[in-house]
Amino acid sequence: MGHEDSKEALAKIFQAARIVSIATILVNIYYFLHGPLQHLGLTHGVIDTILLRVQDQYGLFSTTLPTKGIALLFLFASSLAERGKPADNVEGTRVATTLALGLAMLAGSGSALRMPWSNTSVAVLYAVTTTAGFLLVMHALAMLARIIGNQMRLDPFNVENESFPQQQQLVYHEHSVNLPTKFYYRKRWNDGWINVVNPFRATLVLGTPGSGKSFAVINPFIKQLIEKGFAMYLYDFKFPDLSEIAYNHLRLYGYQYQVPPKFYVINFDDPSRTHRCNPIHPAFLTDIMDAYEAAYIILVNLNRKWAQQQGDFFVESPITMLASIIWFLRIYSPDGSRERQGEYCTFPHAIELLNQPYTQLFPVLAARRELANYMSAFMNAWQGGAQDQLQGQIASAQIPLSRISSPGLYWAMSGDDFTLDLNNPQEPKILCMGNNPGRQNIYGAALGLYNSRIVKNINQKGKIPTALIVDELPTIYFKGLDNLIATARSNRVAVCLGVQDFSQLRAEYGDKEADKIINTIGNVFSGQVKGNSAKTLSEGFGKVMQRRESISRSDSGQSSSVSSQMDSLIPASKIANLPQGTFVGSTVEEFNQDPNAPIQPPRIFHARIQVDAKRIAQDSARYERIPRICPFPNQRGEHDEEIMREVVQGNYDMIKQQVIDLVSREVERIRKDPRLKHLLMEEKTQ
């Protein structure tokens with residue numbers, strides 16, 4: 001039976017109920033006015049017999065009320081089930097008054113039968129009162145149906161048209177991330193699931209501050225992927241918020257891994273709570289282009305606009321200079337032996353070497369055959385007397401790098417506690433990289449070095465599944481991220497990125513690179529976003545056929561018309577006003593989907609993610625703080641802040657002295673070598 005046939009059948013049922021209601025009232029009047037009607041010759045023997053049998057068996061006519069109640073019951077059913085035509089001039093008080101008056105007349109009409117009047121007068125009074133009361137109730141219910149019709153058709157925010165079926169079945173497998181939801185469809189809230197069945201096609205989480213993107217989406221990603229045995233890189237902008245979740249969840253679910261992973265932290269604020277790792281370890285630098293890439297990442301993180309100015313003279317010059325320094329440190333040996341080659345190849349040593357006087361730095365670098373071409377432009381400018389230009393080129397690198405010259409950063413980046421092959425099957429790792437909102441511009445360059453190296457290391461075959469989770473992506477420059485998203489699917493790397501909106505990403509990464517990141521991501525979650533971000537998302541969700549009803553009223557009556565037209569499934573205005581915890585988005589298909597399987601509801605969603613806040617609060621209360629990684633004990637074996645400061649400062653001073661000694665040895669070596677002595681230009685300098 002079709003939809004129209006069902007509506008027609010229901011209409012007939014409601015019509016029959018009204019006929020039964022009217023018939024019951026007429027039977028009531030016939031029975032209780034039997035004497036006067038018989039006197040007028042308006043009775044019938046068969047009807048009398050039937051009514052007497054009903055009375056004997058059920059006692060419905062013992063008083064006037066039972067049959068009136070039955071008539072009202074059918075009348076209510078028929079009237080309330082039908083939707084009357086909407087009317088703006090129907091008031092609730094008028095309906096209530098009419099209904100109360102009608103019910104009172106129906107209930108009180110029985111007293112007319114006890115009046116000491118003639119049979120004809122009693123009959124007329126009872127019949128008129130009962131009929132009038134019934135008609136008043138019928139009229140009141142008709143007006144009530146109009147009010148209900150108004151309410152049923154009133155949808156000022158077009159919620160009904162913009163609701164749609166969503167996934168209600170849990171699709172769970174060894175790599176999936178599953179979030180329970182509530183969504184509105186067909187005038188009720190339904191239980192559903194957002195099934196990220198293919199996290200390796202990357203996930204983007206958008207939302208203004210307070211929209212719930214971390215609490216409702218990113219935190220569950222961290223927990224569920226740890227439960228499923230993923231290695232993980234976690235960028236924690238507000239350290240240690242996300243790191244403590246990862247640390248404590250690993251404590252609970254570390255048994256899920258074939259080889260239990262080790263937990264590592266890089267934190268520049270507290271030397272006692274950080275591991276040490278050198279992101280430009282000689283093993284990572286196999287070619288001078290690796291040094292150039294490292295220099296590019298460092299300086300672009302310190303000068304974000306440089307990402308959009310590649311090729312400019314005053315951008316390329318400082319990058320080339322820093323690249324030359326890094327490669328020099330890669331090939332330099334303090335005693336000339338091959339075993340100690342690259343011993344000083346660390347980021348802190350590179351900063352210190354860059355800040356040496358260029359009259360000594362240039363000859364030291366140019367004396368190396370591998371760097372002669374890189375340094376030729378600088379040497380020509382120096383020999384040509386363009387000292388002012390050289391000072392400007394070098395200063396554009398020296399000034400920003402001087403901001404990150406600190407004992408804490410030097411301590412963390414000058415050791416080798418672990419390697420950055422996070423998804424090594426024999427030695428998996430979970431690495432939390434901590435930033436500080438108050439120092440993001442200072443730490444960004446150092447963190448960018450780690451990021452670029454990690455991206456290269458994890459995007460390899462034969463490794464365990466890996467999660468790369470970066471909340472607040474625009475606070476750090478991630479070179480190669482677009483390529484990782486595009487190519488890492490086959491290597492089982494699940495990327496999850498948190499961004500406030502598209503404009504923020506474009507401002508920090510540039511239009512071209514931001515668009516490449518956005519357009520290659522498969523799974524999208526969006527909380528409240530506004531402006532062009534909301535518009536772009538709305539266009540991506542597409543349009544559906546929506547019903548439109550228009551009503552026109554005039555003195556002569558009322559008319560209505562219904563039409564259908566294509567309109568946005570989720571309008572930009574709705575995305576701009578999403579409440580906290582409610583997300584729109586889409587997910588991509590699962591692996592090896594059967595082409596003959598039944599068509600599933602669209603993977604687009606508009607739902608409230610269900611988060612058990614009470615349970616999360618209880619779990620958080622039991623969380624342990626990340627322990628001290630490198631305590632600095634005093635004689636009693638207790639951590640001593642003063643000792644820590646002395647050790648860290650000593651490491652800082654040692655690096656500075658090592659670079660000064662390096663330059664002195666190299667200058668002396670050049671001075672003694674007749675083939676290189678001309679590089680010093682000592683006479684011209686004097």
# chains A, B, ... in the order shown; residues from 1 in each chain; ligands from 1
$ select_by_dssp --residues "region 396-606 of chain A" --states "strand (DSSP E or B)" --output "PyMOL selection string"
chain A and resi 429-434+466-470+493-499+523-526+543-554+557-568+582-586+604-606
$ select_by_dssp --residues "region 62-237 of chain A" --states "alpha helix (DSSP H)" --output "ChimeraX atom specification"
/A:65-81,92-108,119-153,159-162,213,219-227
$ closest_residue --among "A:Ile670, A:Ile399, A:Val493, A:Leu40" --to "Leu361 (chain A)" --atoms "only C-alpha atoms"
A:Ile670
$ closest_atom_pairs --of "region 177-250 of chain A" --to "region 531-540 of chain A" --cutoff "12 Å" --atoms "only C-alpha atoms" --output "Markdown table"
| residue | atom | partner | partner_atom | distance |
| --- | --- | --- | --- | --- |
| A:Leu204 | CA | A:Leu537 | CA | 11.9 |
| A:Leu206 | CA | A:Ser533 | CA | 9.1 |
| A:Gly207 | CA | A:Ser533 | CA | 9.9 |
| A:Thr208 | CA | A:Ser533 | CA | 10.9 |
$ write_last_selection --atoms "N, CA and C atoms" --output "PDB file, in the first residue's frame"
ATOM      1  N   LEU A 204      39.683  15.720   9.765  1.00  0.00           N
ATOM      2  CA  LEU A 204      39.796  17.138  10.093  1.00  0.00           C
ATOM      3  C   LEU A 204      38.680  17.497  11.062  1.00  0.00           C
ATOM      4  N   LEU A 206      36.963  20.659  12.933  1.00  0.00           N
ATOM      5  CA  LEU A 206      36.836  22.113  12.960  1.00  0.00           C
ATOM      6  C   LEU A 206      35.954  22.537  14.119  1.00  0.00           C
ATOM      7  N   GLY A 207      36.136  23.768  14.585  1.00  0.00           N
ATOM      8  CA  GLY A 207      35.256  24.283  15.621  1.00  0.00           C
ATOM      9  C   GLY A 207      35.866  25.469  16.338  1.00  0.00           C
ATOM     10  N   THR A 208      35.038  26.457  16.585  1.00  0.00           N
ATOM     11  CA  THR A 208      35.493  27.620  17.335  1.00  0.00           C
ATOM     12  C   THR A 208      35.810  27.218  18.770  1.00  0.00           C
TER      13      THR A 208
END
$ residues_around --residues "region 480-482 of chain A" --least-positions-apart "5" --cutoff "12 Å" --atoms "only C-alpha atoms" --output "PyMOL selection string"
chain A and resi 201-202+293-294+296-297+448-449+451-459+468-470+473+487-488+493+495-497+509+512-521
$ write_last_selection --atoms "C-alpha atoms" --output "PDB file, in the first residue's frame"
ATOM      1  CA  ARG A 201      42.255   8.764   4.956  1.00  0.00           C
ATOM      2  CA  ALA A 202      42.785  11.537   7.536  1.00  0.00           C
ATOM      3  CA  GLU A 293      64.927  21.314   4.605  1.00  0.00           C
ATOM      4  CA  ALA A 294      65.730  21.536   8.321  1.00  0.00           C
ATOM      5  CA  TYR A 296      63.651  25.969   5.987  1.00  0.00           C
ATOM      6  CA  ILE A 297      61.414  24.474   8.677  1.00  0.00           C
ATOM      7  CA  GLY A 448      58.751  21.979  13.603  1.00  0.00           C
ATOM      8  CA  LEU A 449      62.087  20.169  13.310  1.00  0.00           C
ATOM      9  CA  ASN A 451      57.569  17.173  13.166  1.00  0.00           C
ATOM     10  CA  SER A 452      59.302  17.091   9.788  1.00  0.00           C
ATOM     11  CA  ARG A 453      61.558  14.264  10.865  1.00  0.00           C
ATOM     12  CA  ILE A 454      58.659  12.257  12.310  1.00  0.00           C
ATOM     13  CA  VAL A 455      56.625  12.676   9.107  1.00  0.00           C
ATOM     14  CA  LYS A 456      59.456  11.142   7.108  1.00  0.00           C
ATOM     15  CA  ASN A 457      60.082   8.307   9.538  1.00  0.00           C
ATOM     16  CA  ILE A 458      56.498   7.095  10.024  1.00  0.00           C
ATOM     17  CA  ASN A 459      55.531   7.146   6.337  1.00  0.00           C
ATOM     18  CA  LEU A 468      49.422  11.508  14.166  1.00  0.00           C
ATOM     19  CA  ILE A 469      47.145  13.768  16.210  1.00  0.00           C
ATOM     20  CA  VAL A 470      47.669  17.515  16.035  1.00  0.00           C
ATOM     21  CA  LEU A 473      47.387  22.787  13.813  1.00  0.00           C
ATOM     22  CA  THR A 487      50.405   9.087   0.534  1.00  0.00           C
ATOM     23  CA  ALA A 488      50.328   7.586   4.034  1.00  0.00           C
ATOM     24  CA  VAL A 493      49.079   6.342   9.208  1.00  0.00           C
ATOM     25  CA  VAL A 495      46.147  11.712  10.702  1.00  0.00           C
ATOM     26  CA  CYS A 496      43.747  13.723  12.873  1.00  0.00           C
ATOM     27  CA  LEU A 497      43.988  17.524  12.728  1.00  0.00           C
ATOM     28  CA  TYR A 509      49.974  27.910   5.838  1.00  0.00           C
ATOM     29  CA  LYS A 512      47.785  26.764  -1.758  1.00  0.00           C
ATOM     30  CA  GLU A 513      49.130  24.533   0.986  1.00  0.00           C
ATOM     31  CA  ALA A 514      46.014  24.932   3.134  1.00  0.00           C
ATOM     32  CA  ASP A 515      43.780  23.982   0.211  1.00  0.00           C
ATOM     33  CA  LYS A 516      45.877  20.886  -0.443  1.00  0.00           C
ATOM     34  CA  ILE A 517      45.457  19.813   3.184  1.00  0.00           C
ATOM     35  CA  ILE A 518      41.710  20.508   3.206  1.00  0.00           C
ATOM     36  CA  ASN A 519      40.974  18.850  -0.138  1.00  0.00           C
ATOM     37  CA  THR A 520      42.855  15.611   0.549  1.00  0.00           C
ATOM     38  CA  ILE A 521      41.173  14.859   3.880  1.00  0.00           C
TER      39      ILE A 521
END
$ residues_around --residues "region 126-140 of chain A" --least-positions-apart "4" --cutoff "9 Å" --atoms "only C-alpha atoms" --output "PDB file with N, CA, C and O atoms, in the first residue's frame"
ATOM      1  N   ILE A  22     -21.823  10.544  16.283  1.00  0.00           N
ATOM      2  CA  ILE A  22     -23.137  11.183  16.066  1.00  0.00           C
ATOM      3  C   ILE A  22     -24.256  10.174  16.278  1.00  0.00           C
ATOM      4  O   ILE A  22     -25.294  10.480  16.902  1.00  0.00           O
ATOM      5  N   ILE A  25     -25.031   9.628  20.001  1.00  0.00           N
ATOM      6  CA  ILE A  25     -25.818  10.711  20.592  1.00  0.00           C
ATOM      7  C   ILE A  25     -27.292  10.578  20.192  1.00  0.00           C
ATOM      8  O   ILE A  25     -28.210  10.778  21.004  1.00  0.00           O
ATOM      9  N   LEU A  26     -27.537  10.240  18.928  1.00  0.00           N
ATOM     10  CA  LEU A  26     -28.922  10.068  18.472  1.00  0.00           C
ATOM     11  C   LEU A  26     -29.598   8.904  19.189  1.00  0.00           C
ATOM     12  O   LEU A  26     -30.792   8.986  19.556  1.00  0.00           O
ATOM     13  N   ILE A  29     -30.571  10.092  22.673  1.00  0.00           N
ATOM     14  CA  ILE A  29     -31.811  10.897  22.649  1.00  0.00           C
ATOM     15  C   ILE A  29     -33.022  10.004  22.397  1.00  0.00           C
ATOM     16  O   ILE A  29     -34.080  10.151  23.029  1.00  0.00           O
ATOM     17  N   PHE A  32     -33.841   7.877  25.756  1.00  0.00           N
ATOM     18  CA  PHE A  32     -34.356   8.613  26.911  1.00  0.00           C
ATOM     19  C   PHE A  32     -35.581   9.465  26.572  1.00  0.00           C
ATOM     20  O   PHE A  32     -36.264   9.935  27.481  1.00  0.00           O
ATOM     21  N   LEU A  33     -35.881   9.665  25.319  1.00  0.00           N
ATOM     22  CA  LEU A  33     -37.119  10.352  24.917  1.00  0.00           C
ATOM     23  C   LEU A  33     -38.058   9.380  24.204  1.00  0.00           C
ATOM     24  O   LEU A  33     -38.836   9.749  23.316  1.00  0.00           O
ATOM     25  N   LYS A  68     -23.232   9.091  26.384  1.00  0.00           N
ATOM     26  CA  LYS A  68     -22.628  10.379  26.033  1.00  0.00           C
ATOM     27  C   LYS A  68     -21.099  10.287  26.075  1.00  0.00           C
ATOM     28  O   LYS A  68     -20.394  10.879  25.235  1.00  0.00           O
ATOM     29  N   ALA A  71     -19.934   8.584  22.970  1.00  0.00           N
ATOM     30  CA  ALA A  71     -20.011   9.513  21.838  1.00  0.00           C
ATOM     31  C   ALA A  71     -18.853  10.502  21.862  1.00  0.00           C
ATOM     32  O   ALA A  71     -18.241  10.801  20.822  1.00  0.00           O
ATOM     33  N   LEU A  72     -18.507  11.014  23.057  1.00  0.00           N
ATOM     34  CA  LEU A  72     -17.382  11.950  23.166  1.00  0.00           C
ATOM     35  C   LEU A  72     -16.053  11.281  22.848  1.00  0.00           C
ATOM     36  O   LEU A  72     -15.168  11.891  22.243  1.00  0.00           O
ATOM     37  N   LEU A  75     -15.757  11.069  19.225  1.00  0.00           N
ATOM     38  CA  LEU A  75     -15.619  12.416  18.682  1.00  0.00           C
ATOM     39  C   LEU A  75     -14.208  12.947  18.895  1.00  0.00           C
ATOM     40  O   LEU A  75     -13.610  13.547  17.991  1.00  0.00           O
ATOM     41  N   PHE A  76     -13.660  12.737  20.093  1.00  0.00           N
ATOM     42  CA  PHE A  76     -12.280  13.162  20.356  1.00  0.00           C
ATOM     43  C   PHE A  76     -11.301  12.452  19.415  1.00  0.00           C
ATOM     44  O   PHE A  76     -10.397  13.068  18.855  1.00  0.00           O
ATOM     45  N   SER A  79     -11.651  13.889  15.832  1.00  0.00           N
ATOM     46  CA  SER A  79     -11.297  15.302  15.690  1.00  0.00           C
ATOM     47  C   SER A  79      -9.807  15.549  15.893  1.00  0.00           C
ATOM     48  O   SER A  79      -9.193  16.333  15.169  1.00  0.00           O
ATOM     49  N   ARG A  94     -10.762  30.766  23.901  1.00  0.00           N
ATOM     50  CA  ARG A  94     -12.051  30.563  23.223  1.00  0.00           C
ATOM     51  C   ARG A  94     -12.360  29.074  23.091  1.00  0.00           C
ATOM     52  O   ARG A  94     -13.500  28.635  23.300  1.00  0.00           O
ATOM     53  N   VAL A  95     -11.358  28.302  22.746  1.00  0.00           N
ATOM     54  CA  VAL A  95     -11.554  26.853  22.630  1.00  0.00           C
ATOM     55  C   VAL A  95     -11.923  26.261  23.978  1.00  0.00           C
ATOM     56  O   VAL A  95     -12.857  25.446  24.092  1.00  0.00           O
ATOM     57  N   ALA A  96     -11.176  26.663  25.019  1.00  0.00           N
ATOM     58  CA  ALA A  96     -11.440  26.118  26.356  1.00  0.00           C
ATOM     59  C   ALA A  96     -12.848  26.473  26.834  1.00  0.00           C
ATOM     60  O   ALA A  96     -13.565  25.634  27.411  1.00  0.00           O
ATOM     61  N   THR A  97     -13.280  27.726  26.595  1.00  0.00           N
ATOM     62  CA  THR A  97     -14.618  28.155  27.020  1.00  0.00           C
ATOM     63  C   THR A  97     -15.700  27.371  26.295  1.00  0.00           C
ATOM     64  O   THR A  97     -16.670  26.883  26.904  1.00  0.00           O
ATOM     65  N   THR A  98     -15.558  27.230  24.990  1.00  0.00           N
ATOM     66  CA  THR A  98     -16.554  26.500  24.195  1.00  0.00           C
ATOM     67  C   THR A  98     -16.612  25.037  24.618  1.00  0.00           C
ATOM     68  O   THR A  98     -17.703  24.451  24.758  1.00  0.00           O
ATOM     69  N   LEU A  99     -15.437  24.434  24.840  1.00  0.00           N
ATOM     70  CA  LEU A  99     -15.401  23.032  25.241  1.00  0.00           C
ATOM     71  C   LEU A  99     -16.039  22.834  26.615  1.00  0.00           C
ATOM     72  O   LEU A  99     -16.827  21.894  26.820  1.00  0.00           O
ATOM     73  N   ALA A 100     -15.712  23.733  27.549  1.00  0.00           N
ATOM     74  CA  ALA A 100     -16.286  23.616  28.894  1.00  0.00           C
ATOM     75  C   ALA A 100     -17.804  23.776  28.859  1.00  0.00           C
ATOM     76  O   ALA A 100     -18.534  23.033  29.539  1.00  0.00           O
ATOM     77  N   LEU A 101     -18.301  24.737  28.077  1.00  0.00           N
ATOM     78  CA  LEU A 101     -19.749  24.948  27.979  1.00  0.00           C
ATOM     79  C   LEU A 101     -20.439  23.738  27.364  1.00  0.00           C
ATOM     80  O   LEU A 101     -21.492  23.286  27.846  1.00  0.00           O
ATOM     81  N   GLY A 102     -19.866  23.183  26.323  1.00  0.00           N
ATOM     82  CA  GLY A 102     -20.451  22.013  25.674  1.00  0.00           C
ATOM     83  C   GLY A 102     -20.497  20.821  26.595  1.00  0.00           C
ATOM     84  O   GLY A 102     -21.511  20.101  26.671  1.00  0.00           O
ATOM     85  N   LEU A 103     -19.405  20.570  27.323  1.00  0.00           N
ATOM     86  CA  LEU A 103     -19.382  19.440  28.255  1.00  0.00           C
ATOM     87  C   LEU A 103     -20.380  19.634  29.387  1.00  0.00           C
ATOM     88  O   LEU A 103     -21.054  18.669  29.829  1.00  0.00           O
ATOM     89  N   ALA A 104     -20.498  20.877  29.871  1.00  0.00           N
ATOM     90  CA  ALA A 104     -21.464  21.155  30.940  1.00  0.00           C
ATOM     91  C   ALA A 104     -22.895  20.900  30.467  1.00  0.00           C
ATOM     92  O   ALA A 104     -23.726  20.331  31.203  1.00  0.00           O
ATOM     93  N   MET A 105     -23.221  21.308  29.247  1.00  0.00           N
ATOM     94  CA  MET A 105     -24.568  21.097  28.717  1.00  0.00           C
ATOM     95  C   MET A 105     -24.849  19.607  28.521  1.00  0.00           C
ATOM     96  O   MET A 105     -25.960  19.127  28.803  1.00  0.00           O
ATOM     97  N   LEU A 106     -23.823  18.857  28.056  1.00  0.00           N
ATOM     98  CA  LEU A 106     -24.025  17.424  27.895  1.00  0.00           C
ATOM     99  C   LEU A 106     -24.237  16.732  29.237  1.00  0.00           C
ATOM    100  O   LEU A 106     -25.117  15.861  29.382  1.00  0.00           O
ATOM    101  N   ALA A 107     -23.419  17.121  30.211  1.00  0.00           N
ATOM    102  CA  ALA A 107     -23.534  16.482  31.522  1.00  0.00           C
ATOM    103  C   ALA A 107     -24.821  16.878  32.238  1.00  0.00           C
ATOM    104  O   ALA A 107     -25.425  16.074  32.967  1.00  0.00           O
ATOM    105  N   GLY A 108     -25.263  18.126  32.040  1.00  0.00           N
ATOM    106  CA  GLY A 108     -26.443  18.605  32.774  1.00  0.00           C
ATOM    107  C   GLY A 108     -27.758  18.405  32.074  1.00  0.00           C
ATOM    108  O   GLY A 108     -28.830  18.651  32.665  1.00  0.00           O
ATOM    109  N   SER A 109     -27.737  17.966  30.825  1.00  0.00           N
ATOM    110  CA  SER A 109     -29.010  17.817  30.101  1.00  0.00           C
ATOM    111  C   SER A 109     -29.891  16.743  30.696  1.00  0.00           C
ATOM    112  O   SER A 109     -31.125  16.772  30.561  1.00  0.00           O
ATOM    113  N   GLY A 110     -29.297  15.791  31.423  1.00  0.00           N
ATOM    114  CA  GLY A 110     -30.100  14.724  32.043  1.00  0.00           C
ATOM    115  C   GLY A 110     -31.053  15.245  33.096  1.00  0.00           C
ATOM    116  O   GLY A 110     -32.105  14.634  33.361  1.00  0.00           O
ATOM    117  N   SER A 111     -30.749  16.371  33.695  1.00  0.00           N
ATOM    118  CA  SER A 111     -31.645  16.931  34.719  1.00  0.00           C
ATOM    119  C   SER A 111     -32.961  17.408  34.117  1.00  0.00           C
ATOM    120  O   SER A 111     -33.970  17.537  34.825  1.00  0.00           O
ATOM    121  N   ALA A 112     -32.994  17.653  32.811  1.00  0.00           N
ATOM    122  CA  ALA A 112     -34.251  18.075  32.158  1.00  0.00           C
ATOM    123  C   ALA A 112     -35.306  16.982  32.230  1.00  0.00           C
ATOM    124  O   ALA A 112     -36.516  17.256  32.214  1.00  0.00           O
ATOM    125  N   LEU A 113     -34.856  15.701  32.307  1.00  0.00           N
ATOM    126  CA  LEU A 113     -35.800  14.596  32.362  1.00  0.00           C
ATOM    127  C   LEU A 113     -36.562  14.556  33.678  1.00  0.00           C
ATOM    128  O   LEU A 113     -37.616  13.893  33.784  1.00  0.00           O
ATOM    129  N   SER A 121     -42.446  19.250  26.520  1.00  0.00           N
ATOM    130  CA  SER A 121     -41.490  20.278  26.958  1.00  0.00           C
ATOM    131  C   SER A 121     -40.186  19.640  27.419  1.00  0.00           C
ATOM    132  O   SER A 121     -39.087  20.108  27.093  1.00  0.00           O
ATOM    133  N   VAL A 122     -40.303  18.546  28.198  1.00  0.00           N
ATOM    134  CA  VAL A 122     -39.112  17.839  28.668  1.00  0.00           C
ATOM    135  C   VAL A 122     -38.304  17.291  27.487  1.00  0.00           C
ATOM    136  O   VAL A 122     -37.082  17.393  27.430  1.00  0.00           O
ATOM    137  N   LEU A 144      -9.679  23.258  18.043  1.00  0.00           N
ATOM    138  CA  LEU A 144      -8.450  22.690  18.594  1.00  0.00           C
ATOM    139  C   LEU A 144      -7.617  22.032  17.491  1.00  0.00           C
ATOM    140  O   LEU A 144      -6.388  22.133  17.477  1.00  0.00           O
ATOM    141  N   ALA A 145      -8.317  21.373  16.546  1.00  0.00           N
ATOM    142  CA  ALA A 145      -7.615  20.764  15.420  1.00  0.00           C
ATOM    143  C   ALA A 145      -6.901  21.821  14.583  1.00  0.00           C
ATOM    144  O   ALA A 145      -5.817  21.583  14.032  1.00  0.00           O
TER     145      ALA A 145
END
$ closest_residue --among "A:Leu409, A:Leu42, A:Val54, A:Val611" --to "Arg276 (chain A)" --atoms "only C-alpha atoms"
A:Leu409
$ residues_around --residues "region 334-343 of chain A" --least-positions-apart "5" --cutoff "8 Å" --atoms "only C-alpha atoms" --output "list in words"
His281, Pro282, Leu329 and Leu662 of chain A
$ residues_around --residues "Phe418 (chain A)" --least-positions-apart "3" --cutoff "9 Å" --atoms "only C-alpha atoms" --output "PyMOL selection string"
chain A and resi 264+275-278+415+421
$ residues_around --residues "Ile47 (chain A)" --least-positions-apart "3" --cutoff "12 Å" --atoms "only C-alpha atoms" --output "count of residues only"
12
